[in-house]
file data05.cif (mmCIF, C-alpha atoms)
data_final
loop_
_atom_site.group_PDB
_atom_site.id
_atom_site.type_symbol
_atom_site.label_atom_id
_atom_site.label_comp_id
_atom_site.auth_asym_id
_atom_site.auth_seq_id
_atom_site.Cartn_x
_atom_site.Cartn_y
_atom_site.Cartn_z
ATOM 1 C CA MET A 131 -0.008 5.022 20.393
ATOM 2 C CA THR A 132 0.517 8.515 21.818
ATOM 3 C CA SER A 133 -1.963 11.397 21.672
ATOM 4 C CA ASP A 134 0.517 13.918 20.260
ATOM 5 C CA PRO A 135 -0.979 16.556 17.923
ATOM 6 C CA VAL A 136 -1.241 15.589 14.258
ATOM 7 C CA SER A 137 0.832 17.760 11.907
ATOM 8 C CA ALA A 138 0.298 15.684 8.746
ATOM 9 C CA ARG A 139 -2.267 13.254 7.421
ATOM 10 C CA VAL A 140 -2.088 10.197 5.225
ATOM 11 C CA ILE A 141 -3.762 9.140 1.995
ATOM 12 C CA LEU A 142 -3.985 5.344 1.895
ATOM 13 C CA LEU A 143 -3.613 4.040 -1.652
ATOM 14 C CA SER A 144 -4.583 0.401 -2.195
ATOM 15 C CA GLY A 145 -5.347 -1.719 -5.240
ATOM 16 C CA PRO A 146 -4.372 -4.981 -6.919
ATOM 17 C CA SER A 147 -0.714 -5.819 -7.425
ATOM 18 C CA GLY A 148 0.305 -4.203 -10.716
ATOM 19 C CA SER A 149 -2.477 -1.605 -10.707
ATOM 20 C CA GLY A 150 0.019 1.284 -10.791
ATOM 21 C CA LYS A 151 0.008 2.397 -7.166
ATOM 22 C CA SER A 152 3.744 3.130 -6.950
ATOM 23 C CA SER A 153 3.821 5.014 -10.245
ATOM 24 C CA LEU A 154 0.808 7.122 -9.330
ATOM 25 C CA ALA A 155 2.176 7.896 -5.864
ATOM 26 C CA ALA A 156 5.443 9.081 -7.413
ATOM 27 C CA ARG A 157 3.545 11.356 -9.819
ATOM 28 C CA THR A 158 1.929 13.275 -6.955
ATOM 29 C CA GLY A 159 5.235 14.697 -5.719
ATOM 30 C CA LEU A 160 4.222 13.878 -2.124
ATOM 31 C CA PRO A 161 6.342 11.812 0.281
ATOM 32 C CA VAL A 162 5.558 8.103 -0.084
ATOM 33 C CA LEU A 163 5.593 5.310 2.490
ATOM 34 C CA ARG A 164 5.935 1.890 0.815
ATOM 35 C CA LEU A 165 3.698 -0.413 2.802
ATOM 36 C CA ASP A 166 5.090 -3.477 0.999
ATOM 37 C CA ASP A 167 8.252 -2.993 3.056
ATOM 38 C CA PHE A 168 6.240 -4.204 6.051
ATOM 39 C CA TYR A 169 5.959 -7.762 4.725
ATOM 40 C CA ARG A 170 6.972 -10.394 7.264
ATOM 41 C CA ASP A 171 10.286 -12.203 6.833
ATOM 42 C CA GLY A 172 10.118 -15.450 4.900
ATOM 43 C CA ASP A 173 10.960 -17.532 7.990
ATOM 44 C CA ASP A 174 8.260 -15.951 10.171
ATOM 45 C CA PRO A 175 6.100 -18.805 11.544
ATOM 46 C CA ALA A 176 3.050 -16.498 11.423
ATOM 47 C CA LEU A 177 3.085 -16.432 7.608
ATOM 48 C CA PRO A 178 -0.101 -17.884 6.059
ATOM 49 C CA GLN A 179 0.244 -20.899 3.790
ATOM 50 C CA LEU A 180 -1.472 -21.791 0.527
ATOM 51 C CA PRO A 181 -3.547 -25.005 0.467
ATOM 52 C CA GLY A 182 -1.151 -26.602 -2.018
ATOM 53 C CA GLY A 183 1.970 -25.481 -0.159
ATOM 54 C CA GLY A 184 4.041 -22.310 -0.153
ATOM 55 C CA THR A 185 3.486 -18.896 1.427
ATOM 56 C CA ASP A 186 0.351 -16.915 0.618
ATOM 57 C CA TRP A 187 1.950 -13.511 0.054
ATOM 58 C CA ASP A 188 -1.411 -12.118 -1.087
ATOM 59 C CA SER A 189 -2.987 -12.591 2.332
ATOM 60 C CA PRO A 190 -3.104 -9.609 4.724
ATOM 61 C CA ARG A 191 -1.684 -11.952 7.382
ATOM 62 C CA SER A 192 1.648 -11.940 5.507
ATOM 63 C CA TRP A 193 2.036 -8.291 6.467
ATOM 64 C CA ASP A 194 2.916 -6.436 9.678
ATOM 65 C CA ASP A 195 -0.113 -4.169 9.917
ATOM 66 C CA GLU A 196 0.704 -2.981 13.439
ATOM 67 C CA GLY A 197 4.176 -1.861 12.358
ATOM 68 C CA ALA A 198 2.696 -0.032 9.376
ATOM 69 C CA VAL A 199 0.146 1.838 11.506
ATOM 70 C CA ALA A 200 2.863 2.769 14.023
ATOM 71 C CA ALA A 201 5.024 4.210 11.237
ATOM 72 C CA ILE A 202 2.092 6.192 9.821
ATOM 73 C CA ALA A 203 1.267 7.562 13.262
ATOM 74 C CA SER A 204 4.890 8.598 13.792
ATOM 75 C CA LEU A 205 4.963 10.369 10.432
ATOM 76 C CA CYS A 206 1.698 12.186 11.140
ATOM 77 C CA ARG A 207 2.797 13.323 14.589
ATOM 78 C CA THR A 208 6.562 13.857 14.287
ATOM 79 C CA ALA A 209 7.118 13.973 10.487
ATOM 80 C CA ARG A 210 9.682 11.142 10.783
ATOM 81 C CA ALA A 211 9.619 7.375 11.073
ATOM 82 C CA ALA A 212 12.076 4.491 10.930
ATOM 83 C CA VAL A 213 10.814 2.058 8.294
ATOM 84 C CA PRO A 214 12.093 -1.339 7.151
ATOM 85 C CA VAL A 215 13.709 -2.025 3.786
ATOM 86 C CA TYR A 216 12.341 -5.262 2.351
ATOM 87 C CA SER A 217 14.018 -7.311 -0.375
ATOM 88 C CA ILE A 218 11.904 -9.760 -2.351
ATOM 89 C CA ALA A 219 15.060 -11.476 -3.577
ATOM 90 C CA ALA A 220 16.276 -11.919 0.012
ATOM 91 C CA ASN A 221 12.788 -12.911 1.160
ATOM 92 C CA GLY A 222 12.967 -10.573 4.116
ATOM 93 C CA ARG A 223 14.043 -7.261 5.593
ATOM 94 C CA VAL A 224 17.581 -6.211 4.797
ATOM 95 C CA GLY A 225 17.820 -2.976 6.721
ATOM 96 C CA GLU A 226 16.078 0.130 7.932
ATOM 97 C CA THR A 227 15.802 3.693 6.720
ATOM 98 C CA VAL A 228 14.288 6.938 7.992
ATOM 99 C CA LEU A 229 11.472 8.629 6.100
ATOM 100 C CA ASP A 230 11.218 12.374 6.717
ATOM 101 C CA LEU A 231 8.230 14.353 5.440
ATOM 102 C CA GLY A 232 10.298 17.521 5.149
ATOM 103 C CA GLY A 233 7.402 19.683 6.303
ATOM 104 C CA ALA A 234 4.822 18.169 3.939
ATOM 105 C CA PRO A 235 1.329 18.207 5.510
ATOM 106 C CA LEU A 236 0.244 15.192 3.489
ATOM 107 C CA PHE A 237 1.830 11.911 2.399
ATOM 108 C CA ILE A 238 0.831 8.709 0.648
ATOM 109 C CA ALA A 239 1.047 5.216 2.099
ATOM 110 C CA GLU A 240 0.665 2.754 -0.773
ATOM 111 C CA GLY A 241 0.409 -1.014 -0.867
ATOM 112 C CA ILE A 242 -1.946 -3.866 -1.604
ATOM 113 C CA PHE A 243 -2.990 -4.084 2.053
ATOM 114 C CA ALA A 244 -3.513 -0.349 2.643
ATOM 115 C CA ALA A 245 -7.296 -0.744 2.879
ATOM 116 C CA ASP A 246 -6.888 -3.085 5.848
ATOM 117 C CA ILE A 247 -5.753 -0.214 8.071
ATOM 118 C CA ILE A 248 -8.329 2.397 7.038
ATOM 119 C CA ASP A 249 -10.406 2.050 10.200
ATOM 120 C CA ARG A 250 -7.394 2.296 12.502
ATOM 121 C CA CYS A 251 -6.021 5.373 10.736
ATOM 122 C CA ARG A 252 -9.451 6.990 10.886
ATOM 123 C CA GLU A 253 -9.832 6.200 14.592
ATOM 124 C CA LEU A 254 -6.431 7.809 15.242
ATOM 125 C CA ASP A 255 -7.485 10.895 13.220
ATOM 126 C CA LEU A 256 -4.665 10.367 10.734
ATOM 127 C CA LEU A 257 -6.659 9.799 7.545
ATOM 128 C CA ALA A 258 -7.073 12.333 4.737
ATOM 129 C CA ASP A 259 -8.480 9.909 2.148
ATOM 130 C CA ALA A 260 -8.445 6.237 1.144
ATOM 131 C CA LEU A 261 -8.365 5.212 -2.511
ATOM 132 C CA CYS A 262 -8.323 1.924 -4.394
ATOM 133 C CA LEU A 263 -6.879 1.960 -7.910
ATOM 134 C CA ARG A 264 -8.880 -0.138 -10.331
ATOM 135 C CA GLY A 265 -8.564 -0.903 -14.015
ATOM 136 C CA ARG A 266 -8.963 -3.745 -16.470
ATOM 137 C CA PRO A 267 -7.810 -7.059 -14.961
ATOM 138 C CA LEU A 268 -6.030 -8.122 -18.162
ATOM 139 C CA THR A 269 -4.083 -4.848 -18.262
ATOM 140 C CA THR A 270 -3.126 -5.300 -14.625
ATOM 141 C CA PHE A 271 -2.040 -8.877 -15.342
ATOM 142 C CA ARG A 272 0.277 -7.778 -18.159
ATOM 143 C CA ARG A 273 1.734 -4.859 -16.185
ATOM 144 C CA ARG A 274 2.347 -7.017 -13.123
ATOM 145 C CA LEU A 275 3.968 -9.841 -15.119
ATOM 146 C CA VAL A 276 6.335 -7.488 -16.989
ATOM 147 C CA ARG A 277 7.362 -5.831 -13.713
ATOM 148 C CA ASP A 278 7.887 -9.079 -11.824
ATOM 149 C CA LEU A 279 9.887 -10.671 -14.646
ATOM 150 C CA ARG A 280 12.040 -7.556 -15.000
ATOM 151 C CA GLU A 281 12.782 -7.517 -11.281
ATOM 152 C CA GLY A 282 13.320 -11.274 -11.104
ATOM 153 C CA ARG A 283 10.912 -11.619 -8.205
ATOM 154 C CA LYS A 284 10.193 -15.320 -8.739
ATOM 155 C CA SER A 285 10.471 -17.917 -11.507
ATOM 156 C CA ALA A 286 8.498 -17.239 -14.706
ATOM 157 C CA PRO A 287 6.111 -20.239 -14.273
ATOM 158 C CA TYR A 288 5.335 -19.177 -10.699
ATOM 159 C CA LEU A 289 4.678 -15.573 -11.781
ATOM 160 C CA VAL A 290 2.368 -16.614 -14.602
ATOM 161 C CA CYS A 291 0.342 -18.920 -12.331
ATOM 162 C CA ARG A 292 0.133 -16.324 -9.581
ATOM 163 C CA GLY A 293 -0.757 -13.606 -12.069
ATOM 164 C CA TRP A 294 -3.572 -15.691 -13.537
ATOM 165 C CA ARG A 295 -4.950 -16.384 -10.071
ATOM 166 C CA LEU A 296 -4.798 -12.688 -9.142
ATOM 167 C CA MET A 297 -6.441 -11.647 -12.402
ATOM 168 C CA ARG A 298 -9.429 -13.884 -11.715
ATOM 169 C CA ALA A 299 -9.672 -12.522 -8.153
ATOM 170 C CA GLU A 300 -9.149 -8.849 -9.048
ATOM 171 C CA ARG A 301 -12.750 -7.647 -9.109
ATOM 172 C CA GLY A 302 -13.402 -9.337 -5.787
ATOM 173 C CA LEU A 303 -10.297 -7.688 -4.328
ATOM 174 C CA VAL A 304 -11.441 -4.224 -5.407
ATOM 175 C CA ALA A 305 -14.879 -4.924 -3.933
ATOM 176 C CA ARG A 306 -13.259 -5.972 -0.656
ATOM 177 C CA HIS A 307 -11.198 -2.776 -0.496
ATOM 178 C CA ALA A 308 -14.306 -0.715 -1.197
ATOM 179 C CA ALA A 309 -16.122 -2.505 1.629
ATOM 180 C CA LEU A 310 -13.241 -1.577 3.934
ATOM 181 C CA GLY A 311 -13.734 2.102 3.052
ATOM 182 C CA ALA A 312 -11.481 2.765 0.042
ATOM 183 C CA TYR A 313 -12.891 4.731 -2.883
ATOM 184 C CA PRO A 314 -12.420 2.759 -6.136
ATOM 185 C CA CYS A 315 -11.218 4.904 -9.036
ATOM 186 C CA GLY A 316 -8.903 5.130 -12.007
ATOM 187 C CA GLY A 317 -5.579 6.946 -12.001
ATOM 188 C CA ASP A 318 -6.803 10.332 -13.226
ATOM 189 C CA GLU A 319 -9.594 10.515 -10.662
ATOM 190 C CA ALA A 320 -7.197 9.412 -7.922
ATOM 191 C CA LEU A 321 -4.780 12.204 -8.841
ATOM 192 C CA GLY A 322 -7.647 14.686 -8.714
ATOM 193 C CA ARG A 323 -8.735 13.597 -5.252
ATOM 194 C CA ILE A 324 -5.142 13.693 -3.999
ATOM 195 C CA ALA A 325 -4.692 17.217 -5.393
ATOM 196 C CA THR A 326 -7.889 18.328 -3.654
ATOM 197 C CA ALA A 327 -6.739 16.837 -0.347
ATOM 198 C CA ALA A 328 -3.327 18.511 -0.700
ATOM 199 C CA ALA A 329 -4.934 21.883 -1.406
ATOM 200 C CA GLY A 330 -7.160 21.475 1.623
ATOM 201 C CA ARG A 331 -4.203 20.699 3.881
ATOM 202 C CA ARG A 332 -2.357 23.761 2.589
ATOM 203 C CA ARG A 333 -5.361 25.949 3.401
ATOM 204 C CA GLU A 334 -5.473 24.537 6.925
ATOM 205 C CA GLU A 335 -1.894 25.714 7.449
ATOM 206 C CA VAL A 336 -2.666 29.334 6.519
ATOM 207 C CA PRO A 337 -3.644 31.354 9.621
ATOM 208 C CA ALA A 338 -7.129 32.879 9.493
#

call {"tool": "encode", "arguments": {"input": "data05.cif", "output": "structure tokens"}}
result
Amino acid sequence: MTSDPVSARVILLSGPSGSGKSSLAARTGLPVLRLDDFYRDGDDPALPQLPGGGTDWDSPRSWDDEGAVAAIASLCRTARAAVPVYSIAANGRVGETVLDLGGAPLFIAEGIFAADIIDRCRELDLLADALCLRGRPLTTFRRRLVRDLREGRKSAPYLVCRGWRLMRAERGLVARHAALGAYPCGGDEALGRIATAAAGRRREEVPA
């Protein structure tokens, strides 16, 4: 990583799959980096496996954390970054795009593994805030299942089994994210904290 001056900072938004991270990030009006696009390709030998067979896509080891941190650092220091485009249907990356902050002093990086890079973003002086969306596990289960079925991510039996497993693990996941430094909150409180951070960044830009 370089030591170039930081012109923008990141809000890391984590939470269980289906908790509403993408929808909330879109509501803020800030630029958004989709951390799920940093999943490893399906044929990557480094992918973790479930005990009964198959890839454990819910493990942080299924994700390219170094690539994600590099993209965040580039955005904070140059306002631009080349980021992968990941296709669940294709089980891998299908291209690359450029994210440009357009002068925004703050952006959101959202994904289920966002909490795993809190310490590194803080050490690099890139972090504005870190949040973990939480809600009722049953509501998250229903929202996630409807989304995954609509998008045809996997077969219905697989999605139901995975969703049930994630629902039972949800409170533990939120606790883990909190232990990593993310602030657990509902959507309204998250929006309030993001608005406060955005206002603070705007004040920093105004000369004294």

call {"tool": "resolve_selection", "arguments": {"input": "data05.cif", "expression": "the PyMOL selection byres ((chain A and resi 228) around 7)", "output": "number ranges by chain"}}
result
A: 210-213, 227, 229-230

call {"tool": "residues_around", "arguments": {"input": "data05.cif", "residues": "Glu300 in chain A", "least_positions_apart": "5", "cutoff": "12 Å", "atoms": "all atoms listed in the file", "output": "list in words"}}
result
Gly145, Pro146, Ser147, Gly148, Ser149, Asp188, Ile242, Cys262, Leu263, Arg264, Gly265, Arg266, Pro267, Leu268, Thr269, Thr270, Phe271, Arg292, Gly293, Trp294, Arg295, Ala305, Arg306 and His307 of chain A

call {"tool": "atom_distance", "arguments": {"input": "data05.cif", "atom1": "CA of Gly282 in chain A", "atom2": "CA of Trp187 in chain A"}}
result
16.1 Å

call {"tool": "closest_residue", "arguments": {"input": "data05.cif", "among": "A:Ala156, A:Ala312, A:Thr185, A:Ala201", "to": "Phe168 in chain A", "atoms": "only C-alpha atoms"}}
result
A:Ala201

call {"tool": "closest_residue", "arguments": {"input": "data05.cif", "among": "A:Gly330, A:Gly232, A:Pro287, A:Pro175", "to": "Val162 in chain A", "atoms": "all atoms listed in the file"}}
result
A:Gly232

call {"tool": "atom_distance", "arguments": {"input": "data05.cif", "atom1": "CA of Leu275 in chain A", "atom2": "CA of Gly150 in chain A"}}
result
12.6 Å

call {"tool": "residues_around", "arguments": {"input": "data05.cif", "residues": "Val224 in chain A", "least_positions_apart": "3", "cutoff": "8 Å", "atoms": "all atoms listed in the file", "output": "PDB file with C-alpha atoms, keeping the file's coordinate frame"}}
result
ATOM      1  CA  PRO A 214      12.093  -1.339   7.151  1.00  0.00           C
ATOM      2  CA  VAL A 215      13.709  -2.025   3.786  1.00  0.00           C
ATOM      3  CA  TYR A 216      12.341  -5.262   2.351  1.00  0.00           C
ATOM      4  CA  SER A 217      14.018  -7.311  -0.375  1.00  0.00           C
ATOM      5  CA  ALA A 220      16.276 -11.919   0.012  1.00  0.00           C
TER       6      ALA A 220
END

call {"tool": "residues_around", "arguments": {"input": "data05.cif", "residues": "range 203-206 of chain A", "least_positions_apart": "2", "cutoff": "7 Å", "atoms": "all atoms listed in the file", "output": "MDAnalysis selection string"}}
result
chainID A and resid 136:139 199:201 208:211 256

call {"tool": "atom_distance", "arguments": {"input": "data05.cif", "atom1": "CA of Lys151 in chain A", "atom2": "CA of Ser285 in chain A"}}
result
23.3 Å

call {"tool": "residues_around", "arguments": {"input": "data05.cif", "residues": "Tyr169 in chain A", "least_positions_apart": "4", "cutoff": "8 Å", "atoms": "only C-alpha atoms", "output": "ChimeraX atom specification"}}
result
/A:165,192-194,216,222

call {"tool": "residues_around", "arguments": {"input": "data05.cif", "residues": "Thr326 in chain A", "least_positions_apart": "3", "cutoff": "12 Å", "atoms": "all atoms listed in the file", "output": "MDAnalysis selection string"}}
result
chainID A and resid 141 158 236 258:259 319:323 329:333

call {"tool": "write_last_selection", "arguments": {"input": "data05.cif", "atoms": "C-alpha atoms", "output": "compact mmCIF listing (two decimals), in the frame of the given file"}}
result
# COMPACT_ATOMS: atom_id res chain seq x y z
CA ILE A 141 -3.76 9.14 2.00
CA THR A 158 1.93 13.28 -6.96
CA LEU A 236 0.24 15.19 3.49
CA ALA A 258 -7.07 12.33 4.74
CA ASP A 259 -8.48 9.91 2.15
CA GLU A 319 -9.59 10.52 -10.66
CA ALA A 320 -7.20 9.41 -7.92
CA LEU A 321 -4.78 12.20 -8.84
CA GLY A 322 -7.65 14.69 -8.71
CA ARG A 323 -8.74 13.60 -5.25
CA ALA A 329 -4.93 21.88 -1.41
CA GLY A 330 -7.16 21.48 1.62
CA ARG A 331 -4.20 20.70 3.88
CA ARG A 332 -2.36 23.76 2.59
CA ARG A 333 -5.36 25.95 3.40

call {"tool": "resolve_selection", "arguments": {"input": "data05.cif", "expression": "the PyMOL selection byres ((chain A and resi 244) around 10)", "output": "compact mmCIF listing (two decimals) with C-alpha atoms, keeping the file's coordinate frame"}}
result
# COMPACT_ATOMS: atom_id res chain seq x y z
CA ILE A 141 -3.76 9.14 2.00
CA LEU A 142 -3.98 5.34 1.90
CA LEU A 143 -3.61 4.04 -1.65
CA SER A 144 -4.58 0.40 -2.19
CA GLY A 145 -5.35 -1.72 -5.24
CA ARG A 164 5.94 1.89 0.82
CA LEU A 165 3.70 -0.41 2.80
CA ASP A 166 5.09 -3.48 1.00
CA PRO A 190 -3.10 -9.61 4.72
CA ASP A 195 -0.11 -4.17 9.92
CA ALA A 198 2.70 -0.03 9.38
CA VAL A 199 0.15 1.84 11.51
CA ALA A 239 1.05 5.22 2.10
CA GLU A 240 0.66 2.75 -0.77
CA GLY A 241 0.41 -1.01 -0.87
CA ILE A 242 -1.95 -3.87 -1.60
CA PHE A 243 -2.99 -4.08 2.05
CA ALA A 245 -7.30 -0.74 2.88
CA ASP A 246 -6.89 -3.08 5.85
CA ILE A 247 -5.75 -0.21 8.07
CA ILE A 248 -8.33 2.40 7.04
CA ALA A 260 -8.44 6.24 1.14
CA LEU A 261 -8.36 5.21 -2.51
CA CYS A 262 -8.32 1.92 -4.39
CA HIS A 307 -11.20 -2.78 -0.50
CA LEU A 310 -13.24 -1.58 3.93
CA ALA A 312 -11.48 2.76 0.04

call {"tool": "closest_residue", "arguments": {"input": "data05.cif", "among": "A:Leu254, A:Asn221, A:Asp186, A:Arg301", "to": "Arg207 in chain A", "atoms": "only C-alpha atoms"}}
result
A:Leu254

call {"tool": "resolve_selection", "arguments": {"input": "data05.cif", "expression": "the PyMOL selection byres ((chain A and resi 161) around 7)", "output": "VMD selection string"}}
result
chain A and resid 159 to 160 162 to 163 231 237 to 238
